[in-house]
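Q: The structure follows.
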Amino acid sequence: MGDITHRLRGGLIPLAAVIGVLAVLPIAGAPRSWLLYLLLFFIYLSMANMWNLLCGYSGLISLCQPAFIGLAGYTLVIGTWWGLPIHLGMIIGAIVAAAFALLISIPVFRLRGIYFAIGTLVVPEALKYAFLIWRPVGGTIHGGGAGYVLKGAAGFSTAEVYWLALGIALASAFCMRVILRSKLGLGLASIRDNDRTAASSGINVFKLKLYSFVIGAFVTGIAGTIFYIYQQYIEPTSAFSVRWTMILILATVIGGMSTEGGPVFGAVIVVFLHFLLARYAGINLIIQGTLLIIMMLLVPEGIMGFIRKTRPYRSLLELATSR
Amino acid sequence: MVPEVLAGLSDPIIMGILLGGLYILIALGLSLVFGVMRLINVAHGDLVILGTYFAFFGMTGEILGHRLTIFGIDPILSLVIGIPLLFAIGFAIQKFLMSRAVQISMEAPLIIAFGISLIIQNICQRLWTPYSRGLTTSYALKSFSVGVFHIPLVYLLDFICALIVMVILREFLRRTYLGKAINAASQDRRAAQLMGINTDRVYAFAFAIAMATAAIAGVFLGLTFPFTPTSGVSFLIIAFGVIIIGGLGSVLGTFLGGLILGLAQTLGGHVLNELGLPGAATGQYLFLYVMVLVVLGVRPQGIFGR
């Protein structure tokens, strides 16, 4: 453990300064629109971090993240209809998402690689239809299930939601750090590179993949609930939408998959695009799709990977290591 | 009592089998691309829907909110242009994008196909609005009765067309030079290259042929169901279910996979209707997806997979 804490310490002071500035922004009277951009950035960042953990470090191309977001969101929102406090709802929502991850791991973990990807793609779609029919509380609106409004959200100010989002973003980044520098991360990396060799070296492949899948679901779930506290409304088609998956892939791929800093860059760009393209709402998917293809073909290693390859970074690295 | 129940079941059963034909038709292209190039084309559903919209354009002449009155081509007839169009798109996708993507990494083709899917969805939405549409031809709602069975004409057309396309595809892969080359390249790429086969070209043709079947599937889909620009994902999942249930690479498997999913959907809808539950129309899709997940859980290699 002491080993881990030692390796965690690098570059802590500038990081602490940035976090400090981000934390006091709402009190310092930053414009509300800034807070909303950053809020979205934090939520996307934590989800992208988890997707990076799954795809970049564990070799699980999971396309069922919307299932966790939607389930956690629904648990939170429906919980408030039953009088559950919002903070408790967040935790329970994440637990439901994690439990669901455990449940669907039974069928989907029998699949590998690309099969796993498509197998997981079925899950949010099935849930979407389930929630379109099923209406747990409240009267039936025409045609069965429909949207719900988050009750009791009036007590939440933008600043509070902002801090929650900042918290989960930091927690997800910290979680990544700890995982990658622990035995779990090492095991995951070896599974990603060659799962047969890993298994023959005494690594319990199934268990490790399951750990990262459930951790990913839990954190994604919390981030999802925070998003729905901000949006205050949930309905099946957008909650279980492929758009979520797209955002996560976009953020991770643009930033650089399998790099810790990747999702940070990626999420910045996704949020930036989100607001930049709001004016061109009609064609923003065309732009995002094209960007995804171009990035994948030209710079498959992403921004972070690209920076690593450039000369200034290497000479900096040499300077840092020559001591 | 028993015959009464059976009489109630006869319609969903025959509908399920015929509907299975449509699902087979959609799955054929996905299965071909997977079998030859080992890549899952996540944009397949959207390319099918693009074919549907093309037929819709040919029939109504509607584009960008305008209505060009010179049109009025029958959807099935519009395939004369629709098939070559999607053939060309497929050829270009493989030649310019996928052939490079496979060299980058395992997930690169998947992510690029995802990008293509988004672009097509957005294009359809721009050109033909996000509203639900249908190919409402004069024969779309016709039906006839054979004994106890009550059969909608379009469903029968789906099934017949699926059989025809399946047989043509099979014979093509077995008898023509290009078909044999595709087979060879899918079995062992390097060996095929050494035998003088231009595998890049063969792959491009395989993708293009898959897209030609997608064009046909698109038209029949539009005749059978209403569609929106985002319907592609649902049909991709159904098509994937068909090939995964049947077991990859097995023609008989694909056929039975289609029938199983078709039956799961219509019988599921029937049960929901009988129980008087709300939302039978959406509920039947839920049955279908749960069926896919259950089969994956029990037999990941498919019922007929090796």
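Each chain in the structure tokens gets a letter, A, B, ..., in the order shown, and its residues are numbered from 1; ligands are numbered from 1 in order too.
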Would you please give, as a ChimeraX atom specification, all residues of region 50-278 of chain B that DSSP assigns to alpha helix (DSSP H) based on the backbone?

A: /B:50-60,79-92,99-104,108-128,153-175,177-187,189-194,199-224,232-246,251-274

Q: Put those residues in a file: C-alpha atoms, as a compact mmCIF listing (two decimals), in the first residue's frame.

A:
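again_27.txt, freshly written:
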# COMPACT_ATOMS: atom_id res chain seq x y z
CA LEU B 50 -30.97 4.46 -45.88
CA GLY B 51 -32.23 2.00 -48.50
CA THR B 52 -35.72 2.35 -47.08
CA TYR B 53 -35.57 6.14 -47.27
CA PHE B 54 -34.31 5.97 -50.81
CA ALA B 55 -37.36 3.94 -51.80
CA PHE B 56 -39.51 6.40 -49.86
CA PHE B 57 -37.97 9.23 -51.86
CA GLY B 58 -38.60 7.38 -55.11
CA MET B 59 -42.22 6.80 -54.16
CA THR B 60 -43.23 10.16 -52.72
CA LEU B 79 -34.51 -1.14 -56.32
CA VAL B 80 -33.23 -0.92 -59.89
CA ILE B 81 -31.48 2.26 -58.77
CA GLY B 82 -31.37 1.52 -55.04
CA ILE B 83 -29.27 -1.63 -55.32
CA PRO B 84 -26.47 -0.08 -57.43
CA LEU B 85 -26.48 3.00 -55.17
CA LEU B 86 -25.95 1.03 -51.97
CA PHE B 87 -23.56 -1.28 -53.82
CA ALA B 88 -21.39 1.74 -54.61
CA ILE B 89 -21.63 3.08 -51.05
CA GLY B 90 -20.62 -0.31 -49.67
CA PHE B 91 -17.69 -0.57 -52.07
CA ALA B 92 -16.46 2.88 -51.05
CA SER B 99 -9.47 -1.61 -45.27
CA ARG B 100 -7.39 0.94 -43.36
CA ALA B 101 -9.25 0.52 -40.09
CA VAL B 102 -8.53 -3.20 -39.76
CA GLN B 103 -4.81 -2.45 -39.81
CA ILE B 104 -5.05 0.00 -36.90
CA ALA B 108 -11.03 0.72 -34.94
CA PRO B 109 -13.48 -0.79 -37.50
CA LEU B 110 -16.16 -0.89 -34.84
CA ILE B 111 -15.68 2.77 -33.95
CA ILE B 112 -15.54 3.84 -37.60
CA ALA B 113 -18.71 1.91 -38.37
CA PHE B 114 -20.25 3.69 -35.39
CA GLY B 115 -19.24 7.02 -36.92
CA ILE B 116 -20.79 6.02 -40.26
CA SER B 117 -23.98 5.04 -38.46
CA LEU B 118 -24.23 8.49 -36.84
CA ILE B 119 -23.61 10.25 -40.14
CA ILE B 120 -26.31 8.25 -41.95
CA GLN B 121 -28.82 8.82 -39.16
CA ASN B 122 -28.21 12.53 -39.33
CA ILE B 123 -28.42 12.64 -43.13
CA CYS B 124 -31.75 10.79 -43.11
CA GLN B 125 -33.02 13.12 -40.43
CA ARG B 126 -31.97 16.19 -42.42
CA LEU B 127 -33.40 15.02 -45.71
CA TRP B 128 -36.59 13.35 -44.52
CA LEU B 153 -49.54 -9.86 -48.56
CA VAL B 154 -46.45 -7.86 -47.56
CA TYR B 155 -45.37 -10.46 -45.02
CA LEU B 156 -45.62 -13.15 -47.66
CA LEU B 157 -43.53 -11.01 -50.02
CA ASP B 158 -40.90 -10.60 -47.26
CA PHE B 159 -40.62 -14.33 -46.88
CA ILE B 160 -40.50 -15.15 -50.59
CA CYS B 161 -37.94 -12.44 -51.25
CA ALA B 162 -35.77 -13.69 -48.38
CA LEU B 163 -35.78 -17.17 -49.87
CA ILE B 164 -34.90 -15.86 -53.34
CA VAL B 165 -32.05 -13.66 -52.09
CA MET B 166 -30.70 -16.48 -49.94
CA VAL B 167 -30.63 -18.92 -52.84
CA ILE B 168 -29.07 -16.39 -55.22
CA LEU B 169 -26.39 -15.47 -52.69
CA ARG B 170 -25.59 -19.10 -52.02
CA GLU B 171 -25.32 -20.00 -55.69
CA PHE B 172 -23.28 -16.88 -56.36
CA LEU B 173 -20.78 -17.78 -53.65
CA ARG B 174 -20.52 -21.33 -54.91
CA ARG B 175 -20.47 -20.98 -58.67
CA TYR B 177 -15.32 -16.77 -59.83
CA LEU B 178 -15.89 -13.76 -57.57
CA GLY B 179 -17.96 -15.87 -55.20
CA LYS B 180 -15.24 -18.47 -54.96
CA ALA B 181 -12.65 -15.73 -54.45
CA ILE B 182 -14.71 -14.29 -51.61
CA ASN B 183 -14.92 -17.73 -50.06
CA ALA B 184 -11.19 -18.24 -50.43
CA ALA B 185 -10.31 -14.86 -48.96
CA SER B 186 -12.57 -15.50 -45.99
CA GLN B 187 -10.97 -18.86 -45.28
CA ARG B 189 -6.42 -14.37 -46.64
CA ARG B 190 -2.71 -14.99 -47.22
CA ALA B 191 -3.21 -18.22 -49.09
CA ALA B 192 -5.78 -16.48 -51.30
CA GLN B 193 -3.28 -13.70 -52.01
CA LEU B 194 -0.65 -16.24 -52.98
CA THR B 199 -8.09 -9.65 -51.53
CA ASP B 200 -8.62 -5.91 -51.04
CA ARG B 201 -10.80 -5.83 -54.13
CA VAL B 202 -12.60 -9.00 -53.17
CA TYR B 203 -13.34 -7.57 -49.72
CA ALA B 204 -14.69 -4.41 -51.29
CA PHE B 205 -16.97 -6.47 -53.52
CA ALA B 206 -18.12 -8.57 -50.57
CA PHE B 207 -19.06 -5.42 -48.64
CA ALA B 208 -20.76 -4.01 -51.72
CA ILE B 209 -22.82 -7.18 -52.21
CA ALA B 210 -23.79 -7.10 -48.55
CA MET B 211 -25.03 -3.56 -49.06
CA ALA B 212 -26.99 -4.62 -52.14
CA THR B 213 -28.88 -7.10 -49.96
CA ALA B 214 -29.31 -4.29 -47.43
CA ALA B 215 -31.03 -2.22 -50.13
CA ILE B 216 -33.50 -5.04 -50.76
CA ALA B 217 -34.01 -5.56 -47.04
CA GLY B 218 -34.61 -1.83 -46.64
CA VAL B 219 -37.47 -1.76 -49.13
CA PHE B 220 -39.25 -4.73 -47.58
CA LEU B 221 -38.70 -3.34 -44.12
CA GLY B 222 -40.35 -0.11 -45.21
CA LEU B 223 -43.30 -2.02 -46.65
CA THR B 224 -43.73 -3.99 -43.41
CA GLY B 232 -31.48 1.29 -37.69
CA VAL B 233 -30.17 0.36 -34.25
CA SER B 234 -33.19 -1.82 -33.44
CA PHE B 235 -32.89 -3.69 -36.72
CA LEU B 236 -29.13 -4.05 -36.33
CA ILE B 237 -29.74 -5.76 -33.01
CA ILE B 238 -32.40 -8.00 -34.51
CA ALA B 239 -30.08 -8.92 -37.39
CA PHE B 240 -27.29 -9.61 -34.96
CA GLY B 241 -29.66 -11.75 -32.93
CA VAL B 242 -30.54 -13.73 -36.04
CA ILE B 243 -26.95 -14.59 -36.87
CA ILE B 244 -25.89 -15.18 -33.28
CA ILE B 245 -28.85 -17.45 -32.52
CA GLY B 246 -28.31 -19.43 -35.68
CA VAL B 251 -26.95 -20.82 -43.65
CA LEU B 252 -29.49 -23.14 -42.06
CA GLY B 253 -28.71 -21.47 -38.75
CA THR B 254 -29.39 -18.00 -40.13
CA PHE B 255 -32.67 -19.24 -41.57
CA LEU B 256 -33.82 -20.80 -38.31
CA GLY B 257 -32.50 -17.85 -36.30
CA GLY B 258 -34.76 -15.56 -38.32
CA LEU B 259 -37.77 -17.80 -37.77
CA ILE B 260 -37.10 -18.08 -34.02
CA LEU B 261 -36.88 -14.32 -33.58
CA GLY B 262 -39.93 -13.71 -35.76
CA LEU B 263 -41.93 -16.21 -33.72
CA ALA B 264 -40.62 -14.83 -30.41
CA GLN B 265 -41.85 -11.41 -31.41
CA THR B 266 -45.33 -12.30 -32.68
CA LEU B 267 -46.03 -14.89 -29.98
CA GLY B 268 -44.77 -12.48 -27.31
CA GLY B 269 -47.07 -9.78 -28.65
CA HIS B 270 -49.94 -12.29 -28.74
CA VAL B 271 -49.41 -13.28 -25.09
CA LEU B 272 -49.32 -9.64 -24.01
CA ASN B 273 -52.51 -9.01 -25.94
CA GLU B 274 -54.27 -12.02 -24.41

Q: Give me, as a list in words, the contact residues of chain A against chain B at a cut-off of 7 Å, counting only C-alpha atoms.

A: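 Putting it all together, I get Ile106, Pro107, Val108, Arg110, Leu111, Val122, Ala126, Tyr129, Ala130, Ile133, Gly143, Gly144, Gly282, Ile283, Leu285, Ile286, Gly289, Thr290, Leu292, Ile293, Met296 and Leu297 of chain A.
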
Q: Tell me which of A:Tyr148, A:Phe275, A:Tyr115, A:Tyr211 sits closest to Asn41 (chain B), counting only C-alpha atoms.

A: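 Among A:Tyr148, A:Phe275, A:Tyr115, A:Tyr211, it is A:Tyr115 that comes nearest to Asn41 (chain B).
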
Q: Would you give me, as a PyMOL selection string, the residues in region 62-241 of chain B that DSSP reads as strand (DSSP E or B)?

A: chain B and resi 62-63+66-67+133+143-146+149-152+227

Q: So what do you get for CA of Cys64 (chain A) versus CA of Ser105 (chain A), distance-wise?

A: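 Value for the CA of Cys64 (chain A)-CA of Ser105 (chain A) distance: 11.1 Å.
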
Q: What is the CA of Pro12 (chain B)-CA of Ser138 (chain B) distance in Å, reported with one decimal?

A: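 Going from CA of Pro12 (chain B) over to CA of Ser138 (chain B), I get 23.8 Å.
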
Q: Quick one: distance from CA of Gly72 (chain B) to CA of Leu141 (chain B) in Å, one decimal?

A: 18.0 Å

Q: Which residue gives the smallest distance to Leu40 (chain A) among A:Ser190, A:Pro312, A:Leu166, A:Met176, with only C-alpha atoms counted?

A: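 Looking only at the distances to Leu40 (chain A), the closest residue turns out to be A:Leu166.
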
Q: Can you list, as a PyMOL selection string, every protein, DNA or RNA residue that comes within 10 Å of Val270 (chain A) when you count only C-alpha atoms, leaving out same-chain residues fewer than 3 positions away?

A: chain A and resi 40-41+44-45+247-248+250-252+254-255+263-267+273-276+288
